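final_26.cif follows; it contains mmCIF, C-alpha atoms and all ligand atoms.
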data_data
#
loop_
_atom_site.label_atom_id
_atom_site.label_comp_id
_atom_site.auth_asym_id
_atom_site.auth_seq_id
_atom_site.Cartn_x
_atom_site.Cartn_y
_atom_site.Cartn_z
CA MET E 1 9.79 -41.99 -1.12
CA ALA E 2 8.12 -38.65 -0.39
CA SER E 3 10.77 -36.17 0.66
CA ASP E 4 11.21 -32.45 1.17
CA SER E 5 14.99 -32.67 1.10
CA VAL E 6 15.59 -33.18 -2.63
CA PRO E 7 16.98 -30.05 -4.28
CA GLY E 8 14.69 -28.51 -6.88
CA MET E 9 10.95 -28.87 -7.04
CA THR E 10 8.80 -31.88 -6.33
CA PHE E 11 5.17 -31.86 -7.32
CA TYR E 12 2.84 -34.38 -5.68
CA ASP E 13 -0.03 -35.63 -7.84
CA ILE E 14 -2.53 -38.46 -7.33
CA ALA E 15 -1.76 -41.83 -8.93
CA PHE E 16 -4.78 -43.02 -10.90
CA ARG E 17 -4.43 -46.13 -13.11
CA LYS E 18 -1.08 -46.73 -14.85
CA PRO E 19 0.17 -45.22 -17.11
CA TYR E 20 -0.22 -42.21 -14.82
CA ARG E 21 0.83 -39.84 -17.61
CA LEU E 22 -2.36 -40.68 -19.51
CA ASN E 23 -4.81 -41.28 -16.68
CA SER E 24 -3.93 -38.48 -14.27
CA ALA E 25 -7.26 -36.70 -13.84
CA ALA E 26 -7.49 -34.72 -10.61
CA PRO E 27 -8.41 -31.09 -11.38
CA ASN E 28 -6.50 -29.29 -8.64
CA PRO E 29 -3.21 -31.12 -9.26
CA TRP E 30 -3.74 -30.39 -12.96
CA LYS E 31 -4.03 -26.68 -12.18
CA ALA E 32 -0.62 -26.94 -10.49
CA ARG E 33 0.93 -28.95 -13.37
CA TYR E 34 -0.31 -26.46 -15.96
CA ALA E 35 1.04 -23.61 -13.81
CA LEU E 36 4.48 -25.27 -13.44
CA ASN E 37 4.71 -25.93 -17.17
CA PHE E 38 3.50 -22.39 -17.92
CA LYS E 39 6.45 -21.08 -15.90
CA GLY E 40 8.79 -23.54 -17.59
CA VAL E 41 10.52 -24.32 -14.28
CA PRO E 42 12.08 -27.78 -13.83
CA TYR E 43 10.39 -30.17 -11.40
CA ASN E 44 9.74 -33.83 -10.88
CA THR E 45 6.47 -35.58 -10.10
CA TYR E 46 5.84 -37.88 -7.16
CA TRP E 47 2.86 -40.11 -7.93
CA THR E 48 1.09 -40.51 -4.61
CA PRO E 49 -1.24 -43.49 -4.10
CA MET E 50 -4.72 -42.19 -3.33
CA LEU E 51 -4.81 -43.97 0.03
CA ASP E 52 -1.43 -42.53 1.04
CA ILE E 53 -2.28 -38.85 0.55
CA THR E 54 -2.81 -38.21 4.26
CA SER E 55 0.38 -39.94 5.41
CA THR E 56 2.42 -38.34 2.59
CA ARG E 57 1.19 -34.87 3.36
CA LYS E 58 1.77 -35.34 7.08
CA SER E 59 5.29 -36.69 6.48
CA LEU E 60 6.07 -33.56 4.46
CA GLY E 61 4.78 -31.33 7.25
CA VAL E 62 2.07 -29.77 5.11
CA PRO E 63 -1.14 -29.19 7.08
CA ALA E 64 -4.54 -30.04 5.57
CA CYS E 65 -6.24 -27.19 3.70
CA ARG E 66 -9.72 -28.70 3.48
CA THR E 67 -12.14 -30.05 6.05
CA PHE E 68 -14.81 -32.73 5.85
CA PRO E 69 -18.39 -31.72 6.71
CA ASP E 70 -17.84 -33.04 10.29
CA GLY E 71 -14.94 -30.58 10.69
CA SER E 72 -12.14 -33.18 10.53
CA GLU E 73 -9.04 -32.57 8.41
CA TYR E 74 -9.19 -33.53 4.74
CA TYR E 75 -5.73 -34.11 3.28
CA THR E 76 -5.50 -33.41 -0.44
CA LEU E 77 -3.13 -32.85 -3.33
CA PRO E 78 -1.47 -31.03 -4.99
CA VAL E 79 1.54 -30.29 -2.85
CA LEU E 80 4.63 -28.53 -4.17
CA ILE E 81 7.93 -28.56 -2.30
CA ASP E 82 10.27 -25.95 -3.74
CA SER E 83 13.86 -26.07 -2.48
CA THR E 84 15.32 -24.42 -5.56
CA ASN E 85 16.83 -21.35 -3.93
CA GLY E 86 18.26 -22.89 -0.78
CA LYS E 87 15.05 -22.23 1.11
CA VAL E 88 12.30 -24.83 1.42
CA SER E 89 8.82 -23.60 0.51
CA LYS E 90 5.94 -26.01 1.17
CA LEU E 91 2.72 -25.29 -0.68
CA GLY E 92 -0.37 -27.38 -0.13
CA ASP E 93 -3.05 -25.70 -2.21
CA SER E 94 -3.26 -25.14 -5.96
CA PHE E 95 -3.93 -21.42 -5.58
CA ASP E 96 -0.99 -21.04 -3.15
CA ILE E 97 1.17 -22.76 -5.78
CA ALA E 98 0.11 -20.29 -8.50
CA VAL E 99 0.83 -17.31 -6.23
CA HIS E 100 4.18 -18.79 -5.15
CA LEU E 101 5.27 -19.38 -8.75
CA ASP E 102 4.29 -15.85 -9.79
CA GLN E 103 6.05 -14.27 -6.82
CA THR E 104 9.19 -16.43 -7.01
CA TYR E 105 9.56 -16.74 -10.80
CA PRO E 106 7.77 -13.60 -12.10
CA ASN E 107 9.26 -13.53 -15.59
CA SER E 108 9.82 -17.22 -16.29
CA GLY E 109 8.30 -19.10 -19.19
CA ALA E 110 5.03 -17.65 -20.45
CA GLY E 111 5.19 -14.76 -17.93
CA GLN E 112 2.58 -13.76 -15.36
CA LEU E 113 0.03 -16.32 -14.26
CA LEU E 114 -2.13 -13.83 -12.36
CA PRO E 115 -2.09 -10.56 -14.35
CA ASP E 116 -4.56 -7.78 -13.56
CA ASP E 117 -6.09 -7.34 -17.02
CA VAL E 118 -8.34 -10.41 -17.12
CA ASP E 119 -12.14 -10.44 -17.08
CA LEU E 120 -12.91 -12.75 -14.16
CA ASP E 121 -16.53 -11.77 -13.73
CA TYR E 122 -18.17 -15.20 -13.92
CA THR E 123 -20.85 -16.21 -11.44
CA CYS E 124 -22.05 -19.80 -11.19
CA PRO E 125 -25.82 -19.44 -11.78
CA ILE E 126 -26.76 -22.28 -9.42
CA ASP E 127 -27.06 -21.37 -5.76
CA ILE E 128 -23.94 -22.91 -4.33
CA SER E 129 -24.38 -22.03 -0.70
CA PHE E 130 -25.49 -25.60 0.12
CA ASN E 131 -22.28 -26.96 -1.34
CA GLY E 132 -20.21 -26.52 1.82
CA PRO E 133 -16.93 -24.60 2.18
CA PRO E 134 -15.03 -23.76 -1.02
CA LEU E 135 -12.43 -26.28 -2.21
CA SER E 136 -9.84 -23.56 -1.81
CA ASP E 137 -10.47 -21.75 1.43
CA ARG E 138 -7.45 -19.48 1.62
CA PRO E 139 -8.44 -16.47 3.73
CA GLU E 140 -5.09 -14.73 3.29
CA TRP E 141 -5.66 -14.27 -0.47
CA ARG E 142 -9.32 -13.33 -0.06
CA GLU E 143 -8.27 -10.18 1.78
CA GLN E 144 -5.73 -8.98 -0.80
CA GLU E 145 -7.20 -6.70 -3.46
CA ASN E 146 -5.08 -8.07 -6.32
CA TYR E 147 -5.98 -11.70 -5.57
CA LYS E 148 -9.64 -11.27 -4.54
CA PRO E 149 -11.10 -11.61 -8.06
CA TRP E 150 -8.91 -14.67 -8.72
CA VAL E 151 -10.03 -16.46 -5.56
CA ARG E 152 -13.64 -15.67 -6.39
CA PHE E 153 -13.24 -16.97 -9.95
CA ASN E 154 -11.57 -20.15 -8.64
CA ASP E 155 -14.51 -20.69 -6.23
CA GLN E 156 -17.12 -20.11 -8.91
CA ILE E 157 -15.48 -22.48 -11.39
CA ASP E 158 -14.81 -25.15 -8.74
CA ASN E 159 -18.46 -24.98 -7.73
CA ALA E 160 -19.85 -25.08 -11.26
CA PHE E 161 -17.97 -28.32 -11.96
CA THR E 162 -18.22 -29.86 -8.48
CA LEU E 163 -22.00 -29.61 -8.71
CA HIS E 164 -21.76 -31.94 -11.72
CA VAL E 165 -18.94 -34.15 -10.51
CA GLN E 166 -21.14 -37.25 -10.65
CA LEU E 167 -20.66 -37.12 -14.40
CA MET E 168 -16.98 -37.81 -13.85
CA GLY E 169 -17.02 -40.16 -10.85
CA ALA E 170 -18.04 -43.22 -12.82
CA GLY E 171 -15.10 -42.79 -15.20
CA MET E 172 -12.33 -42.58 -12.59
CA LYS E 173 -10.01 -45.56 -12.97
CA TRP E 174 -7.52 -46.84 -10.42
CA ASP E 175 -4.98 -49.61 -10.39
CA GLU E 176 -6.83 -52.87 -9.87
CA GLU E 177 -5.13 -53.80 -6.61
CA VAL E 178 -6.37 -50.63 -4.86
CA GLU E 179 -9.58 -49.88 -6.75
CA LYS E 180 -11.95 -51.57 -4.27
CA ASP E 181 -10.40 -49.87 -1.25
CA ILE E 182 -10.56 -46.45 -2.90
CA MET E 183 -14.21 -46.91 -3.84
CA ALA E 184 -14.97 -48.03 -0.30
CA GLN E 185 -13.32 -44.87 1.03
CA PHE E 186 -15.43 -42.64 -1.26
CA ALA E 187 -18.60 -44.50 -0.22
CA GLN E 188 -17.79 -44.26 3.48
CA ARG E 189 -17.15 -40.50 3.23
CA ALA E 190 -20.49 -40.01 1.50
CA GLY E 191 -22.27 -42.14 4.09
CA VAL E 192 -23.43 -44.85 1.67
CA ASP E 193 -22.64 -48.56 1.73
CA ASP E 194 -21.74 -48.89 -1.94
CA PHE E 195 -19.72 -46.67 -4.31
CA GLU E 196 -22.22 -47.51 -7.08
CA LYS E 197 -24.91 -45.57 -5.23
CA LEU E 198 -22.89 -42.39 -5.90
CA GLN E 199 -22.73 -42.95 -9.65
CA VAL E 200 -25.01 -41.84 -12.45
CA ARG E 201 -24.69 -44.33 -15.29
CA ASP E 202 -28.08 -44.26 -17.02
CA LYS E 203 -28.32 -42.24 -20.22
CA GLY E 204 -31.29 -40.16 -19.03
CA GLY E 205 -29.64 -39.15 -15.79
CA ARG E 206 -26.36 -38.35 -17.52
CA ASN E 207 -28.04 -36.24 -20.20
CA LYS E 208 -29.82 -34.26 -17.52
CA LEU E 209 -26.53 -33.58 -15.73
CA LEU E 210 -24.76 -32.71 -18.99
CA GLY E 211 -27.56 -30.27 -19.87
CA SER E 212 -27.30 -28.66 -16.46
CA LEU E 213 -23.51 -28.28 -16.74
CA LYS E 214 -23.89 -26.77 -20.21
CA ASP E 215 -26.36 -24.16 -18.92
CA THR E 216 -24.15 -23.47 -15.91
CA LEU E 217 -21.20 -22.68 -18.21
CA LYS E 218 -23.13 -20.46 -20.66
CA ASP E 219 -21.81 -17.11 -19.37
CA LEU E 220 -18.31 -18.50 -19.08
CA ALA E 221 -18.42 -19.67 -22.70
CA ALA E 222 -19.48 -16.15 -23.74
CA MET E 223 -16.40 -14.74 -21.95
CA PHE E 224 -14.16 -17.16 -23.85
CA GLY E 225 -15.93 -16.30 -27.10
CA LYS E 226 -15.03 -12.58 -26.88
CA HIS E 227 -11.75 -13.07 -28.74
CA GLY E 228 -12.94 -15.04 -31.73
CA ASP E 229 -11.24 -18.40 -31.67
CA GLY E 230 -9.45 -17.52 -28.43
CA PRO E 231 -8.39 -19.99 -27.39
CA TYR E 232 -7.82 -18.27 -24.05
CA LEU E 233 -9.79 -15.72 -22.01
CA ARG E 234 -7.52 -12.91 -23.21
CA GLY E 235 -7.13 -14.31 -26.72
CA ALA E 236 -3.78 -15.81 -27.68
CA LYS E 237 -2.06 -15.58 -24.30
CA ALA E 238 -2.94 -17.95 -21.48
CA CYS E 239 -3.17 -17.05 -17.80
CA TYR E 240 -4.20 -18.84 -14.61
CA ALA E 241 -7.95 -18.33 -15.29
CA ASP E 242 -7.64 -20.60 -18.34
CA ILE E 243 -5.81 -23.11 -16.17
CA ILE E 244 -8.51 -23.09 -13.48
CA VAL E 245 -11.09 -24.10 -16.09
CA GLY E 246 -8.57 -26.35 -17.83
CA GLY E 247 -7.99 -28.49 -14.73
CA TRP E 248 -11.65 -29.49 -14.80
CA LEU E 249 -11.69 -29.99 -18.56
CA ARG E 250 -8.75 -32.36 -18.19
CA MET E 251 -10.73 -34.36 -15.63
CA MET E 252 -13.66 -34.59 -18.03
CA SER E 253 -11.41 -35.54 -20.94
CA VAL E 254 -10.15 -38.57 -19.01
CA THR E 255 -13.34 -39.67 -17.26
CA LEU E 256 -16.26 -39.00 -19.63
CA PRO E 257 -17.27 -41.56 -22.26
CA GLU E 258 -15.88 -40.54 -25.66
CA ASP E 259 -19.21 -39.37 -27.12
CA GLU E 260 -19.99 -37.16 -24.11
CA TRP E 261 -16.53 -35.59 -24.14
CA ALA E 262 -16.90 -34.85 -27.87
CA GLU E 263 -20.22 -33.18 -27.08
CA VAL E 264 -18.69 -31.01 -24.32
CA LYS E 265 -15.84 -30.01 -26.63
CA GLY E 266 -18.38 -28.80 -29.16
CA TRP E 267 -20.54 -26.73 -26.78
CA TYR E 268 -20.90 -23.03 -27.61
CA GLY E 269 -18.97 -23.13 -30.87
CA GLY E 270 -16.19 -25.27 -29.44
CA VAL E 271 -14.75 -22.81 -26.88
CA PHE E 272 -14.01 -25.52 -24.30
CA GLY E 273 -12.57 -27.92 -26.87
CA ARG E 274 -10.18 -25.25 -28.14
CA LEU E 275 -9.21 -24.26 -24.59
CA HIS E 276 -8.47 -27.86 -23.57
CA ASP E 277 -6.53 -28.72 -26.74
CA SER E 278 -4.43 -25.55 -26.50
CA LEU E 279 -3.61 -26.01 -22.82
CA GLN E 280 -2.68 -29.64 -23.40
CA ARG E 281 -0.47 -28.74 -26.35
CA GLU E 282 1.28 -25.77 -24.70
CA PHE E 283 1.40 -26.73 -21.04
CA GLY E 284 0.15 -30.32 -20.72
CA LYS E 285 3.43 -32.22 -20.59
CA VAL E 286 3.47 -34.79 -17.78
CA VAL E 287 6.96 -35.25 -16.37
N1 LIG J 301 -7.93 -26.41 -2.03
C1 LIG J 301 -7.24 -27.52 -2.59
C2 LIG J 301 -8.18 -28.62 -2.95
C3 LIG J 301 -7.42 -29.85 -3.38
C4 LIG J 301 -8.31 -31.04 -3.63
O1 LIG J 301 -9.50 -31.03 -3.32
N2 LIG J 301 -7.67 -32.10 -4.16
C5 LIG J 301 -8.38 -33.34 -4.47
C6 LIG J 301 -8.11 -33.73 -5.91
S1 LIG J 301 -8.71 -32.50 -7.04
C7 LIG J 301 -7.80 -34.45 -3.61
O2 LIG J 301 -6.64 -34.45 -3.29
N3 LIG J 301 -8.61 -35.44 -3.25
C8 LIG J 301 -8.14 -36.57 -2.51
C9 LIG J 301 -9.24 -37.31 -1.82
O3 LIG J 301 -10.40 -37.02 -2.08
O4 LIG J 301 -8.92 -38.18 -1.02
C10 LIG J 301 -6.42 -27.07 -3.80
O5 LIG J 301 -6.89 -26.20 -4.52
O6 LIG J 301 -5.32 -27.58 -3.98
#

Spell out the structure here as structure tokens.
Ligand SMILES: N[C@@H](CCC(=O)N[C@@H](CS)C(=O)NCC(=O)O)C(=O)O
Amino acid sequence: MASDSVPGMTFYDIAFRKPYRLNSAAPNPWKARYALNFKGVPYNTYWTPMLDITSTRKSLGVPACRTFPDGSEYYTLPVLIDSTNGKVSKLGDSFDIAVHLDQTYPNSGAGQLLPDDVDLDYTCPIDISFNGPPLSDRPEWREQENYKPWVRFNDQIDNAFTLHVQLMGAGMKWDEEVEKDIMAQFAQRAGVDDFEKLQVRDKGGRNKLLGSLKDTLKDLAAMFGKHGDGPYLRGAKACYADIIVGGWLRMMSVTLPEDEWAEVKGWYGGVFGRLHDSLQREFGKVV
């Protein structure tokens, strides 16, 4: 049962197909998991059925942090409930979680998630203004000098990948008993009568999208290439910028056909492959 009264930390992720440990693929929850593991703080995971996200979030008293195009509330995950220090903190956005962990556990684990010596100057080259509000619309951080570049980087990366999310949609797998209902929900939100109409399955269409994503990530790859084999933006030491990109790479690793994922891993001398493998090895444990 979802609960905010268990001592310690509970992290709410989306339940894809069992085993969840292998199939968990949502990028924003993955940002939170990587951040928790980076800090080395103990927590447990509550696997939330996709169709129960709204009721779970409401029962925890965590307001929605996204809106649908018609202005209605869009309830999402991750959520983190931290009752470690006798005080209950409820975080409902991946960026809020990163800030909370850095402020509450500054020296834990691998250290600072959001240091000030990172090059975050990536701009998604496709005009993203048509893409609606950012996935993480957290005005309070946008106004703070030390967080501004991080929020901007998060927006740019979210947009670069969201623009190509059709590549990943076809590979999302759910438990059989709920699969149809989940697909129907996605179709209804997009205003189509069939989930299939949202998918790109033909080779030509997929290659076009892959090519566009590769071009979109060119400048980002150059930033990762500055420290030889990296694998991280600053070289050997990871920070939250690596995790922001890593959340999306994890989604691709689970949802793309094997040959396409191998191709993505090899782009630009293998920068994204090395980043993904290193994050998974160091901070990818699913508990
Ligand atoms: N600003 C939020 C965005 C969270 C978000 O969009 N989560 C997606 C998964 S990556 C979700 O929960 N989707 C559920 C749905 O579409 O019903 C954050 O950064 O945590």

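Note that atom CA of E:Gly246 and atom CA of E:Arg57 are 24.8 Å apart.
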
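Of the residues under consideration (E:His227, E:Arg274, E:Lys18, E:Lys31), E:Lys31 shows the shortest atom-to-atom contact distance to ligand LIG 301 (chain J) when counting all atoms listed in the file.
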
Which centre and which edge lengths, in Å to one decimal, describe the axis-aligned box that holds all listed atoms of ligand LIG 301 (chain J) after 8 Å is added on each side, as JSON?
{"center_x": -7.9, "center_y": -32.2, "center_z": -4.0, "size_x": 21.1, "size_y": 28.0, "size_z": 22.0}

*Test item: residues at most 10 Å from E:Leu275, only C-alpha atoms, excluding those fewer than 5 positions along its chain, as a ChimeraX atom specification*: /E:224,229-233,238,242-243,245-246,249,265,270,280-281

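A distance cut-off of 9 Å around (-7.6, -16.4, -3.7), counting all atoms listed in the file, selects these protein and nucleic acid residues: Phe95, Asp96, Val99, Ser136, Asp137, Arg138, Pro139, Glu140, Trp141, Arg142, Glu143, Gln144, Tyr147, Lys148, Pro149, Trp150, Val151, Arg152, Phe153, Asn154 and Asp155 of chain E.
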
Now that the selection is made, can you save its residues with C-alpha atoms as a PDB file, in the coordinates of the input?
ATOM      1  CA  PHE E  95      -3.930 -21.420  -5.580  1.00  0.00           C
ATOM      2  CA  ASP E  96      -0.990 -21.040  -3.150  1.00  0.00           C
ATOM      3  CA  VAL E  99       0.830 -17.310  -6.230  1.00  0.00           C
ATOM      4  CA  SER E 136      -9.840 -23.560  -1.810  1.00  0.00           C
ATOM      5  CA  ASP E 137     -10.470 -21.750   1.430  1.00  0.00           C
ATOM      6  CA  ARG E 138      -7.450 -19.480   1.620  1.00  0.00           C
ATOM      7  CA  PRO E 139      -8.440 -16.470   3.730  1.00  0.00           C
ATOM      8  CA  GLU E 140      -5.090 -14.730   3.290  1.00  0.00           C
ATOM      9  CA  TRP E 141      -5.660 -14.270  -0.470  1.00  0.00           C
ATOM     10  CA  ARG E 142      -9.320 -13.330  -0.060  1.00  0.00           C
ATOM     11  CA  GLU E 143      -8.270 -10.180   1.780  1.00  0.00           C
ATOM     12  CA  GLN E 144      -5.730  -8.980  -0.800  1.00  0.00           C
ATOM     13  CA  TYR E 147      -5.980 -11.700  -5.570  1.00  0.00           C
ATOM     14  CA  LYS E 148      -9.640 -11.270  -4.540  1.00  0.00           C
ATOM     15  CA  PRO E 149     -11.100 -11.610  -8.060  1.00  0.00           C
ATOM     16  CA  TRP E 150      -8.910 -14.670  -8.720  1.00  0.00           C
ATOM     17  CA  VAL E 151     -10.030 -16.460  -5.560  1.00  0.00           C
ATOM     18  CA  ARG E 152     -13.640 -15.670  -6.390  1.00  0.00           C
ATOM     19  CA  PHE E 153     -13.240 -16.970  -9.950  1.00  0.00           C
ATOM     20  CA  ASN E 154     -11.570 -20.150  -8.640  1.00  0.00           C
ATOM     21  CA  ASP E 155     -14.510 -20.690  -6.230  1.00  0.00           C
TER      22      ASP E 155
END

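Distances here use only C-alpha atoms; by that measure, the residue among E:Val286, E:Tyr240, E:Pro115, E:Leu213 closest to E:Thr45 is E:Val286.
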
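Distance check against E:Leu113 using only C-alpha atoms: of E:Met172, E:Val88, E:Ala98, E:Ile126, the minimum falls on E:Ala98.
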
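Here the question is which of E:Pro125, E:Pro42, E:Gly247, E:Gly86 gets nearest to ligand LIG 301 (chain J) using all atoms listed in the file, and that residue is E:Gly247.
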
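As for atom CA of E:Val79 and atom CA of E:Ala236, they are spaced 29.2 Å apart.
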
Nearest to E:Cys124, restricted to only C-alpha atoms and choosing among E:Ile157, E:Leu163, E:Ala190, E:Ala110, comes out as E:Ile157

- request: Do a neighbour search on E:Gln166 at 9 Å with all atoms listed in the file, toss out local chain neighbours closer than 6 positions, and write the hits as a PyMOL selection string.
  value: chain E and resi 198-200+206+209

Inset, instruction - Give as an MDAnalysis selection string the residues surrounding ligand LIG 301 (chain J) up to a distance of 6 Å, considering all atoms listed in the file. - result: chainID E and resid 26:28 76:78 93:95 135:136

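Near E:Glu179, within a cut-off of 12 Å and counting all atoms listed in the file, sit the residues Ala15, Phe16, Arg17, Pro49, Met50, Leu51, Met172, Lys173, Trp174, Asp175, Met183, Ala184, Gln185, Phe186 and Phe195 of chain E, with same-chain residues fewer than 4 positions away left out.
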
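Between atom CA of E:Thr10 and atom CA of E:Asp158 lies a distance of 24.7 Å.
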